[in-house]
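Pasting input-v1.cif here (mmCIF, C-alpha atoms and all ligand atoms):
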```cif
data_start
#
loop_
_atom_site.label_atom_id
_atom_site.label_comp_id
_atom_site.auth_asym_id
_atom_site.auth_seq_id
_atom_site.Cartn_x
_atom_site.Cartn_y
_atom_site.Cartn_z
CA MET A 1 3.42 14.61 15.83
CA LYS A 2 6.65 12.97 14.77
CA ILE A 3 6.77 11.45 11.27
CA GLU A 4 9.37 8.94 10.21
CA VAL A 5 9.79 7.11 6.88
CA LEU A 6 11.35 3.69 6.38
CA PHE A 7 12.40 3.16 2.76
CA SER A 8 12.31 -0.63 2.96
CA PRO A 9 10.95 -3.30 5.34
CA VAL A 10 14.50 -4.51 6.02
CA GLN A 11 15.15 -1.30 7.97
CA ALA A 12 13.25 -2.64 10.99
CA ASP A 13 12.23 -5.93 12.54
CA ASP A 14 8.65 -6.94 13.33
CA LEU A 15 8.79 -5.85 16.98
CA PHE A 16 9.85 -2.30 16.03
CA PHE A 17 6.23 -1.67 14.99
CA THR A 18 4.70 -2.77 18.30
CA GLY A 19 2.00 -0.30 19.31
CA LYS A 20 3.00 2.22 16.62
CA THR A 21 0.75 3.98 14.10
CA THR A 22 2.03 2.67 10.78
CA VAL A 23 1.15 3.50 7.19
CA VAL A 24 2.21 0.95 4.55
CA ILE A 25 2.72 2.11 0.96
CA ASP A 26 3.17 0.02 -2.17
CA VAL A 27 1.95 2.27 -4.97
CA LEU A 28 2.90 -0.24 -7.71
CA ARG A 29 0.66 -2.02 -7.11
CA ALA A 30 -0.34 -3.78 -3.91
CA SER A 31 -1.65 -0.83 -1.90
CA THR A 32 -3.49 0.58 -4.93
CA THR A 33 -5.03 -2.85 -5.58
CA ILE A 34 -6.10 -3.33 -1.94
CA ILE A 35 -7.70 0.14 -1.88
CA ASN A 36 -9.53 -0.64 -5.15
CA ALA A 37 -10.76 -4.02 -3.87
CA LEU A 38 -12.21 -2.46 -0.70
CA THR A 39 -13.60 0.54 -2.60
CA ASN A 40 -15.44 -1.95 -4.84
CA GLY A 41 -17.05 -3.70 -1.89
CA ALA A 42 -14.68 -6.54 -0.97
CA ARG A 43 -15.58 -7.64 2.56
CA GLU A 44 -11.93 -7.82 3.61
CA VAL A 45 -8.42 -8.44 2.34
CA VAL A 46 -6.22 -10.94 4.17
CA PRO A 47 -2.56 -10.08 3.47
CA VAL A 48 -0.21 -13.05 3.73
CA GLY A 49 3.58 -13.39 3.74
CA ASN A 50 3.90 -16.32 1.35
CA VAL A 51 1.99 -18.18 -1.36
CA GLU A 52 1.77 -21.48 0.52
CA PHE A 53 0.09 -19.73 3.44
CA ALA A 54 -2.35 -18.00 1.05
CA VAL A 55 -3.46 -21.39 -0.28
CA LYS A 56 -3.72 -22.81 3.25
CA VAL A 57 -5.75 -19.86 4.59
CA SER A 58 -8.15 -19.86 1.63
CA GLY A 59 -8.60 -23.65 1.97
CA GLY A 60 -9.92 -23.16 5.49
CA MET A 61 -12.56 -20.67 4.36
CA PHE A 62 -15.93 -21.95 3.23
CA GLY A 63 -18.84 -20.95 1.02
CA GLY A 64 -17.13 -19.83 -2.21
CA GLN A 65 -16.82 -16.37 -0.73
CA THR A 66 -13.02 -16.35 -0.84
CA LEU A 67 -10.77 -15.39 -3.75
CA LEU A 68 -7.01 -15.76 -3.97
CA GLY A 69 -5.31 -12.69 -5.41
CA GLY A 70 -1.82 -11.36 -5.98
CA GLU A 71 1.34 -11.87 -7.99
CA ARG A 72 4.77 -13.37 -8.27
CA ASN A 73 7.20 -11.52 -10.57
CA THR A 74 4.24 -9.17 -11.37
CA LYS A 75 2.18 -12.02 -12.89
CA LYS A 76 -0.90 -13.85 -11.60
CA ILE A 77 0.02 -16.95 -9.61
CA GLU A 78 -1.10 -20.32 -10.94
CA GLY A 79 -4.37 -21.36 -9.32
CA PHE A 80 -5.17 -17.81 -8.13
CA ALA A 81 -8.41 -16.17 -9.28
CA LEU A 82 -6.91 -12.68 -9.53
CA GLY A 83 -3.56 -11.08 -10.25
CA ASN A 84 -2.34 -7.73 -8.94
CA SER A 85 -3.94 -5.33 -11.43
CA PRO A 86 -6.24 -2.91 -9.60
CA SER A 87 -8.63 -3.08 -12.58
CA GLU A 88 -9.27 -6.80 -11.99
CA TYR A 89 -10.88 -6.06 -8.63
CA LYS A 90 -14.22 -4.94 -10.08
CA LYS A 91 -17.46 -4.64 -8.08
CA GLU A 92 -19.09 -7.63 -9.77
CA ILE A 93 -16.07 -9.80 -8.92
CA VAL A 94 -15.08 -8.74 -5.40
CA ALA A 95 -18.23 -7.36 -3.71
CA GLY A 96 -18.87 -9.27 -0.48
CA LYS A 97 -15.78 -11.44 -0.94
CA THR A 98 -12.77 -12.15 1.23
CA ILE A 99 -9.58 -11.73 -0.79
CA VAL A 100 -6.55 -13.66 0.43
CA PHE A 101 -3.71 -11.60 -1.00
CA TYR A 102 -0.01 -12.20 -1.58
CA SER A 103 2.44 -9.89 -3.32
CA THR A 104 6.21 -9.78 -3.52
CA ASN A 105 6.74 -6.63 -1.49
CA GLY A 106 3.41 -5.12 -0.43
CA SER A 107 1.65 -7.91 1.47
CA ARG A 108 4.91 -8.89 3.11
CA ALA A 109 5.45 -5.32 4.36
CA ILE A 110 1.93 -5.33 5.85
CA VAL A 111 2.55 -8.65 7.59
CA LYS A 112 5.85 -7.31 8.91
CA ALA A 113 4.04 -4.35 10.53
CA LYS A 114 1.29 -6.53 12.04
CA TYR A 115 2.09 -5.61 15.66
CA SER A 116 1.30 -1.92 15.01
CA GLY A 117 -1.32 -0.32 17.24
CA ASN A 118 -2.87 1.21 14.11
CA LEU A 119 -2.02 0.03 10.61
CA PHE A 120 -3.35 1.73 7.48
CA ILE A 121 -2.73 1.30 3.75
CA CYS A 122 -1.88 4.28 1.56
CA ALA A 123 -1.55 4.98 -2.17
CA PHE A 124 -2.02 8.15 -4.22
CA ASN A 125 -5.72 7.17 -4.40
CA ASN A 126 -6.47 7.91 -0.73
CA ILE A 127 -3.90 10.49 0.46
CA LYS A 128 -6.43 13.15 1.52
CA ALA A 129 -8.76 10.81 3.39
CA LEU A 130 -5.89 9.13 5.21
CA SER A 131 -4.23 12.43 6.09
CA LYS A 132 -7.50 13.70 7.61
CA HIS A 133 -7.78 10.57 9.73
CA LEU A 134 -4.15 10.73 10.89
CA VAL A 135 -4.62 14.35 11.94
CA LYS A 136 -7.64 13.30 14.05
CA LEU A 137 -5.66 10.43 15.56
CA ASN A 138 -2.78 12.78 16.47
CA GLN A 139 -0.18 10.04 17.04
CA ASP A 140 3.42 9.75 15.91
CA ILE A 141 3.56 8.03 12.52
CA VAL A 142 5.87 5.52 10.85
CA ILE A 143 5.48 5.37 7.07
CA LEU A 144 6.73 2.03 5.77
CA CYS A 145 7.57 2.00 2.06
CA SER A 146 7.33 -1.56 0.74
CA GLY A 147 10.24 -0.85 -1.59
CA ASN A 148 11.46 -3.03 -4.37
CA ASN A 149 12.96 -6.37 -3.29
CA ASN A 150 14.25 -4.76 -0.09
CA LEU A 151 15.61 -1.73 -1.94
CA PHE A 152 14.47 1.89 -2.23
CA SER A 153 11.56 2.56 -4.54
CA LEU A 154 10.95 5.99 -6.04
CA GLU A 155 7.15 5.72 -6.28
CA ASP A 156 6.62 4.69 -2.65
CA SER A 157 8.93 7.46 -1.44
CA VAL A 158 7.18 10.13 -3.54
CA CYS A 159 3.82 8.90 -2.19
CA ALA A 160 5.18 9.14 1.38
CA GLY A 161 6.22 12.72 0.59
CA SER A 162 2.75 13.45 -0.77
CA LEU A 163 1.14 12.20 2.47
CA ILE A 164 3.57 14.21 4.60
CA SER A 165 2.97 17.33 2.49
CA GLU A 166 -0.80 16.91 3.12
CA LEU A 167 -0.19 16.46 6.87
CA MET A 168 1.99 19.59 6.96
CA LYS A 169 -0.91 21.66 5.56
CA THR A 170 -2.74 21.10 8.87
CA ASN A 171 0.24 21.34 11.19
CA LYS A 172 3.53 22.94 10.16
CA GLU A 173 4.94 21.99 13.58
CA ASN A 174 5.04 18.25 12.82
CA GLU A 175 8.46 16.87 13.70
CA LEU A 176 10.09 15.39 10.59
CA SER A 177 12.89 12.82 10.49
CA ASP A 178 15.64 13.20 7.87
CA SER A 179 13.92 10.48 5.82
CA SER A 180 10.63 12.44 5.95
CA ILE A 181 12.37 15.60 4.74
CA GLY A 182 13.93 13.57 1.92
CA THR A 183 10.52 12.33 0.74
CA LEU A 184 9.15 15.88 0.78
CA VAL A 185 11.94 16.95 -1.56
CA LEU A 186 11.16 13.97 -3.83
CA PHE A 187 7.47 14.89 -3.84
CA LYS A 188 8.32 18.49 -4.77
CA THR A 189 10.44 17.23 -7.66
CA PHE A 190 8.20 14.47 -9.00
CA GLY A 191 4.72 15.32 -7.65
CA LYS A 192 3.73 17.51 -10.58
CA ASP A 193 3.32 14.54 -12.91
CA ILE A 194 2.77 11.32 -10.98
CA LEU A 195 2.06 9.22 -14.07
CA LYS A 196 5.36 10.31 -15.64
CA MET A 197 7.21 9.45 -12.43
CA LEU A 198 5.56 6.01 -12.29
CA THR A 199 6.34 5.42 -15.97
CA GLU A 200 10.01 6.27 -15.47
CA SER A 201 10.44 4.30 -12.24
CA GLU A 202 12.20 0.92 -12.30
CA HIS A 203 9.11 -1.02 -11.29
CA GLY A 204 6.94 1.01 -13.67
CA GLN A 205 9.26 0.04 -16.52
CA LEU A 206 9.00 -3.64 -15.55
CA LEU A 207 5.21 -3.45 -15.41
CA ILE A 208 5.09 -1.83 -18.87
CA LYS A 209 7.39 -4.53 -20.23
CA ASN A 210 5.12 -7.22 -18.76
CA GLY A 211 1.95 -5.72 -20.31
CA PHE A 212 0.56 -3.77 -17.35
CA LYS A 213 0.91 -0.22 -18.71
CA ASP A 214 -2.76 0.61 -18.02
CA ASP A 215 -2.31 -0.18 -14.31
CA LEU A 216 0.00 2.81 -13.97
CA LYS A 217 -2.88 5.18 -14.81
CA ILE A 218 -5.00 3.83 -11.95
CA CYS A 219 -2.02 3.94 -9.58
CA ALA A 220 -1.47 7.61 -10.55
CA GLU A 221 -5.03 8.73 -9.72
CA ILE A 222 -4.95 11.14 -6.83
CA ASN A 223 -7.67 11.14 -4.15
CA ASN A 224 -10.27 9.16 -6.08
CA THR A 225 -11.57 7.43 -2.92
CA ASP A 226 -12.13 8.01 0.80
CA VAL A 227 -11.47 4.36 1.59
CA ILE A 228 -8.79 3.71 4.20
CA PRO A 229 -7.84 0.03 4.57
CA ASN A 230 -7.41 -0.64 8.30
CA PHE A 231 -5.61 -3.75 9.57
CA THR A 232 -7.48 -5.28 12.47
CA GLY A 233 -7.70 -8.93 13.59
CA ASN A 234 -5.22 -9.93 10.85
CA VAL A 235 -7.44 -8.62 8.04
CA LEU A 236 -7.79 -5.31 6.20
CA LYS A 237 -11.24 -3.73 6.28
CA VAL A 238 -12.56 -0.31 5.39
CA LEU A 239 -12.04 2.03 8.33
CA ARG A 240 -15.49 3.15 9.55
C1 LIG B 301 4.58 -6.01 -4.86
O1 LIG B 301 3.94 -6.16 -3.81
O2 LIG B 301 5.75 -6.32 -4.97
C2 LIG B 301 3.97 -5.33 -6.06
O3 LIG B 301 2.65 -5.05 -5.84
C3 LIG B 301 4.37 -6.04 -7.30
C4 LIG B 301 3.46 -5.79 -8.48
O4 LIG B 301 3.52 -4.74 -9.12
O5 LIG B 301 2.67 -6.66 -8.82
#
```
Starting from the coordinates I provided, produce the structure as structure tokens.
Ligand code: MLT
Amino acid sequence: MKIEVLFSPVQADDLFFTGKTTVVIDVLRASTTIINALTNGAREVVPVGNVEFAVKVSGGMFGGQTLLGGERNTKKIEGFALGNSPSEYKKEIVAGKTIVFYSTNGSRAIVKAKYSGNLFICAFNNIKALSKHLVKLNQDIVILCSGNNNLFSLEDSVCAGSLISELMKTNKENELSDSSIGTLVLFKTFGKDILKMLTESEHGQLLIKNGFKDDLKICAEINNTDVIPNFTGNVLKVLR
């Protein structure tokens, strides 16, 4: 299969993704948080492209089974039940709930890729499980890094390289774009100590400054879950 990496959502428009198999990555922290929420029993996560829409969507849902989650400038949004720390999405809080979720880069990247034929969410937490599934699927893959305010982000690119490195273990014949080869080199350089890489990254530094240092540890955990968030019918659910 052919594997291509986009370093930022601005590299393609919405229709580019039509029918494609897409993997969205936002290691710090949206994809890690979504994976944690679903691992802890959330019914579904509804990614939205702006805060106003999040409020509107949650207003139309009944029964107290819906929580608003996400961040603006890394911090919990006023009126939201949850921020964007993976540790907030505990079993006792999210089990059985629908989470309407907005984040600066991550949820917007997911919404951008909504026309994909298959759309999965990836972080260091679920690399192995996702790689196994992609091998079974045997389709060309686009890896969309959410980036940092439309710019390159080190952590998403290293994570893309980690996923590609896992895929190459099964099939050395995979066809790699230049961007894919670049992420493999980054993974070779930074993959030995993911927490250090996250700590030194620009967004990692901002999170530490804003009091979210502990989140980096969760984001650095490798293969701690088999959960693959799968976008279907405009919501993310655990792939069964
Ligand atoms: C995002 O989507 O931009 C990030 O998840 C921001 C954050 O770390 O909260």
Point-to-point distance in Å for atom CA of Leu6 of chain A and atom CA of Gly117 of chain A: 17.2 Å
Using all atoms listed in the file, which residues have at least one atom no more than 7 Å from ligand LIG 301 (chain B)? Output them as an mmCIF file with C-alpha atoms, in the frame of the given file.
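Written file, result13.cif:
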```cif
data_model
loop_
_atom_site.group_PDB
_atom_site.id
_atom_site.type_symbol
_atom_site.label_atom_id
_atom_site.label_comp_id
_atom_site.auth_asym_id
_atom_site.auth_seq_id
_atom_site.Cartn_x
_atom_site.Cartn_y
_atom_site.Cartn_z
ATOM 1 C CA ASP A 26 3.170 0.020 -2.170
ATOM 2 C CA LEU A 28 2.900 -0.240 -7.710
ATOM 3 C CA ARG A 29 0.660 -2.020 -7.110
ATOM 4 C CA ALA A 30 -0.340 -3.780 -3.910
ATOM 5 C CA GLU A 71 1.340 -11.870 -7.990
ATOM 6 C CA ASN A 73 7.200 -11.520 -10.570
ATOM 7 C CA THR A 74 4.240 -9.170 -11.370
ATOM 8 C CA LYS A 75 2.180 -12.020 -12.890
ATOM 9 C CA ASN A 84 -2.340 -7.730 -8.940
ATOM 10 C CA SER A 103 2.440 -9.890 -3.320
ATOM 11 C CA THR A 104 6.210 -9.780 -3.520
ATOM 12 C CA ASN A 105 6.740 -6.630 -1.490
ATOM 13 C CA GLY A 106 3.410 -5.120 -0.430
ATOM 14 C CA SER A 107 1.650 -7.910 1.470
ATOM 15 C CA ASN A 148 11.460 -3.030 -4.370
ATOM 16 C CA LEU A 207 5.210 -3.450 -15.410
#
```
Coordinates-based distance that separates atom CA of Lys20 of chain A from atom CA of Thr33 of chain A (Å, one decimal):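 Calculated distance between atom CA of Thr33 of chain A and atom CA of Lys20 of chain A is 24.1 Å.
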Enter the distance from atom CA of Phe212 of chain A to atom CA of Pro229 of chain A, in Å, rounded to one decimal. 23.8 Å
Need to verify the contact set: segment 130-141 of chain A, 10 Å, all atoms listed in the file, exclusion of same-chain residues closer than 3 positions in sequence. Can you return it as a PDB file with C-alpha atoms, in the frame of the given file?
```pdb
ATOM      1  CA  MET A   1       3.420  14.610  15.830  1.00  0.00           C
ATOM      2  CA  LYS A   2       6.650  12.970  14.770  1.00  0.00           C
ATOM      3  CA  ILE A   3       6.770  11.450  11.270  1.00  0.00           C
ATOM      4  CA  GLU A   4       9.370   8.940  10.210  1.00  0.00           C
ATOM      5  CA  VAL A   5       9.790   7.110   6.880  1.00  0.00           C
ATOM      6  CA  LYS A  20       3.000   2.220  16.620  1.00  0.00           C
ATOM      7  CA  THR A  21       0.750   3.980  14.100  1.00  0.00           C
ATOM      8  CA  THR A  22       2.030   2.670  10.780  1.00  0.00           C
ATOM      9  CA  VAL A  23       1.150   3.500   7.190  1.00  0.00           C
ATOM     10  CA  ASN A 118      -2.870   1.210  14.110  1.00  0.00           C
ATOM     11  CA  LEU A 119      -2.020   0.030  10.610  1.00  0.00           C
ATOM     12  CA  PHE A 120      -3.350   1.730   7.480  1.00  0.00           C
ATOM     13  CA  ILE A 121      -2.730   1.300   3.750  1.00  0.00           C
ATOM     14  CA  CYS A 122      -1.880   4.280   1.560  1.00  0.00           C
ATOM     15  CA  ALA A 123      -1.550   4.980  -2.170  1.00  0.00           C
ATOM     16  CA  ASN A 125      -5.720   7.170  -4.400  1.00  0.00           C
ATOM     17  CA  ASN A 126      -6.470   7.910  -0.730  1.00  0.00           C
ATOM     18  CA  ILE A 127      -3.900  10.490   0.460  1.00  0.00           C
ATOM     19  CA  LEU A 144       6.730   2.030   5.770  1.00  0.00           C
ATOM     20  CA  SER A 162       2.750  13.450  -0.770  1.00  0.00           C
ATOM     21  CA  LEU A 163       1.140  12.200   2.470  1.00  0.00           C
ATOM     22  CA  ILE A 164       3.570  14.210   4.600  1.00  0.00           C
ATOM     23  CA  SER A 165       2.970  17.330   2.490  1.00  0.00           C
ATOM     24  CA  GLU A 166      -0.800  16.910   3.120  1.00  0.00           C
ATOM     25  CA  LEU A 167      -0.190  16.460   6.870  1.00  0.00           C
ATOM     26  CA  MET A 168       1.990  19.590   6.960  1.00  0.00           C
ATOM     27  CA  LYS A 169      -0.910  21.660   5.560  1.00  0.00           C
ATOM     28  CA  THR A 170      -2.740  21.100   8.870  1.00  0.00           C
ATOM     29  CA  ASN A 171       0.240  21.340  11.190  1.00  0.00           C
ATOM     30  CA  ASN A 174       5.040  18.250  12.820  1.00  0.00           C
ATOM     31  CA  GLU A 175       8.460  16.870  13.700  1.00  0.00           C
ATOM     32  CA  ASN A 223      -7.670  11.140  -4.150  1.00  0.00           C
ATOM     33  CA  ASP A 226     -12.130   8.010   0.800  1.00  0.00           C
ATOM     34  CA  VAL A 227     -11.470   4.360   1.590  1.00  0.00           C
ATOM     35  CA  ILE A 228      -8.790   3.710   4.200  1.00  0.00           C
ATOM     36  CA  PRO A 229      -7.840   0.030   4.570  1.00  0.00           C
ATOM     37  CA  LEU A 239     -12.040   2.030   8.330  1.00  0.00           C
TER      38      LEU A 239
END
```
Report as CSV the residues of segment 72-168 of chain A within 10 Å of segment 191-205 of chain A, each with its shortest atom pair and distance in Å (one decimal), using all atoms listed in the file, ordered by chain and increasing residue number.
```
residue,atom,partner,partner_atom,distance
A:Thr74,CA,A:His203,CA,9.5
A:Phe124,CA,A:Ile194,CA,8.9
A:Gly147,CA,A:His203,CA,9.8
A:Asn148,CA,A:His203,CA,7.6
A:Ser153,CA,A:Glu202,CA,8.0
A:Leu154,CA,A:Ser201,CA,6.4
A:Glu155,CA,A:Leu198,CA,6.2
A:Asp156,CA,A:Leu198,CA,9.8
A:Val158,CA,A:Gly191,CA,7.1
A:Cys159,CA,A:Gly191,CA,8.5
A:Gly161,CA,A:Gly191,CA,8.8
A:Ser162,CA,A:Gly191,CA,7.4
```
Could you write out that same residue set with C-alpha atoms as a PDB file, in the coordinates of the input?
```pdb
ATOM      1  CA  THR A  74       4.240  -9.170 -11.370  1.00  0.00           C
ATOM      2  CA  PHE A 124      -2.020   8.150  -4.220  1.00  0.00           C
ATOM      3  CA  GLY A 147      10.240  -0.850  -1.590  1.00  0.00           C
ATOM      4  CA  ASN A 148      11.460  -3.030  -4.370  1.00  0.00           C
ATOM      5  CA  SER A 153      11.560   2.560  -4.540  1.00  0.00           C
ATOM      6  CA  LEU A 154      10.950   5.990  -6.040  1.00  0.00           C
ATOM      7  CA  GLU A 155       7.150   5.720  -6.280  1.00  0.00           C
ATOM      8  CA  ASP A 156       6.620   4.690  -2.650  1.00  0.00           C
ATOM      9  CA  VAL A 158       7.180  10.130  -3.540  1.00  0.00           C
ATOM     10  CA  CYS A 159       3.820   8.900  -2.190  1.00  0.00           C
ATOM     11  CA  GLY A 161       6.220  12.720   0.590  1.00  0.00           C
ATOM     12  CA  SER A 162       2.750  13.450  -0.770  1.00  0.00           C
TER      13      SER A 162
END
```
If I only have part of segment 192-203 of chain A, can you fill in N, CA and C atoms and write it as a PDB file, in the coordinates of the input?
```
ATOM      1  N   LYS A 192       4.521  16.777  -9.576  1.00  0.00           N
ATOM      2  CA  LYS A 192       3.730  17.510 -10.580  1.00  0.00           C
ATOM      3  C   LYS A 192       3.159  16.577 -11.642  1.00  0.00           C
ATOM      4  N   ASP A 193       3.819  15.486 -11.912  1.00  0.00           N
ATOM      5  CA  ASP A 193       3.320  14.540 -12.910  1.00  0.00           C
ATOM      6  C   ASP A 193       3.574  13.107 -12.406  1.00  0.00           C
ATOM      7  N   ILE A 194       2.606  12.634 -11.626  1.00  0.00           N
ATOM      8  CA  ILE A 194       2.770  11.320 -10.980  1.00  0.00           C
ATOM      9  C   ILE A 194       2.867  10.207 -12.020  1.00  0.00           C
ATOM     10  N   LEU A 195       2.037  10.286 -13.068  1.00  0.00           N
ATOM     11  CA  LEU A 195       2.060   9.220 -14.070  1.00  0.00           C
ATOM     12  C   LEU A 195       3.430   9.134 -14.750  1.00  0.00           C
ATOM     13  N   LYS A 196       4.026  10.292 -15.005  1.00  0.00           N
ATOM     14  CA  LYS A 196       5.360  10.310 -15.640  1.00  0.00           C
ATOM     15  C   LYS A 196       6.375   9.651 -14.694  1.00  0.00           C
ATOM     16  N   MET A 197       6.280  10.022 -13.412  1.00  0.00           N
ATOM     17  CA  MET A 197       7.210   9.450 -12.430  1.00  0.00           C
ATOM     18  C   MET A 197       7.057   7.936 -12.362  1.00  0.00           C
ATOM     19  N   LEU A 198       5.787   7.465 -12.350  1.00  0.00           N
ATOM     20  CA  LEU A 198       5.560   6.010 -12.290  1.00  0.00           C
ATOM     21  C   LEU A 198       6.098   5.336 -13.545  1.00  0.00           C
ATOM     22  N   THR A 199       5.896   5.990 -14.685  1.00  0.00           N
ATOM     23  CA  THR A 199       6.340   5.420 -15.970  1.00  0.00           C
ATOM     24  C   THR A 199       7.860   5.309 -16.021  1.00  0.00           C
ATOM     25  N   GLU A 200       8.536   6.278 -15.416  1.00  0.00           N
ATOM     26  CA  GLU A 200      10.010   6.270 -15.470  1.00  0.00           C
ATOM     27  C   GLU A 200      10.664   5.424 -14.377  1.00  0.00           C
ATOM     28  N   SER A 201       9.860   5.059 -13.364  1.00  0.00           N
ATOM     29  CA  SER A 201      10.440   4.300 -12.240  1.00  0.00           C
ATOM     30  C   SER A 201      10.837   2.890 -12.697  1.00  0.00           C
ATOM     31  N   GLU A 202      11.732   2.269 -11.947  1.00  0.00           N
ATOM     32  CA  GLU A 202      12.200   0.920 -12.300  1.00  0.00           C
ATOM     33  C   GLU A 202      11.050  -0.072 -12.366  1.00  0.00           C
ATOM     34  N   HIS A 203      10.201  -0.032 -11.313  1.00  0.00           N
ATOM     35  CA  HIS A 203       9.110  -1.020 -11.290  1.00  0.00           C
ATOM     36  C   HIS A 203       8.062  -0.695 -12.350  1.00  0.00           C
TER      37      HIS A 203
END
```
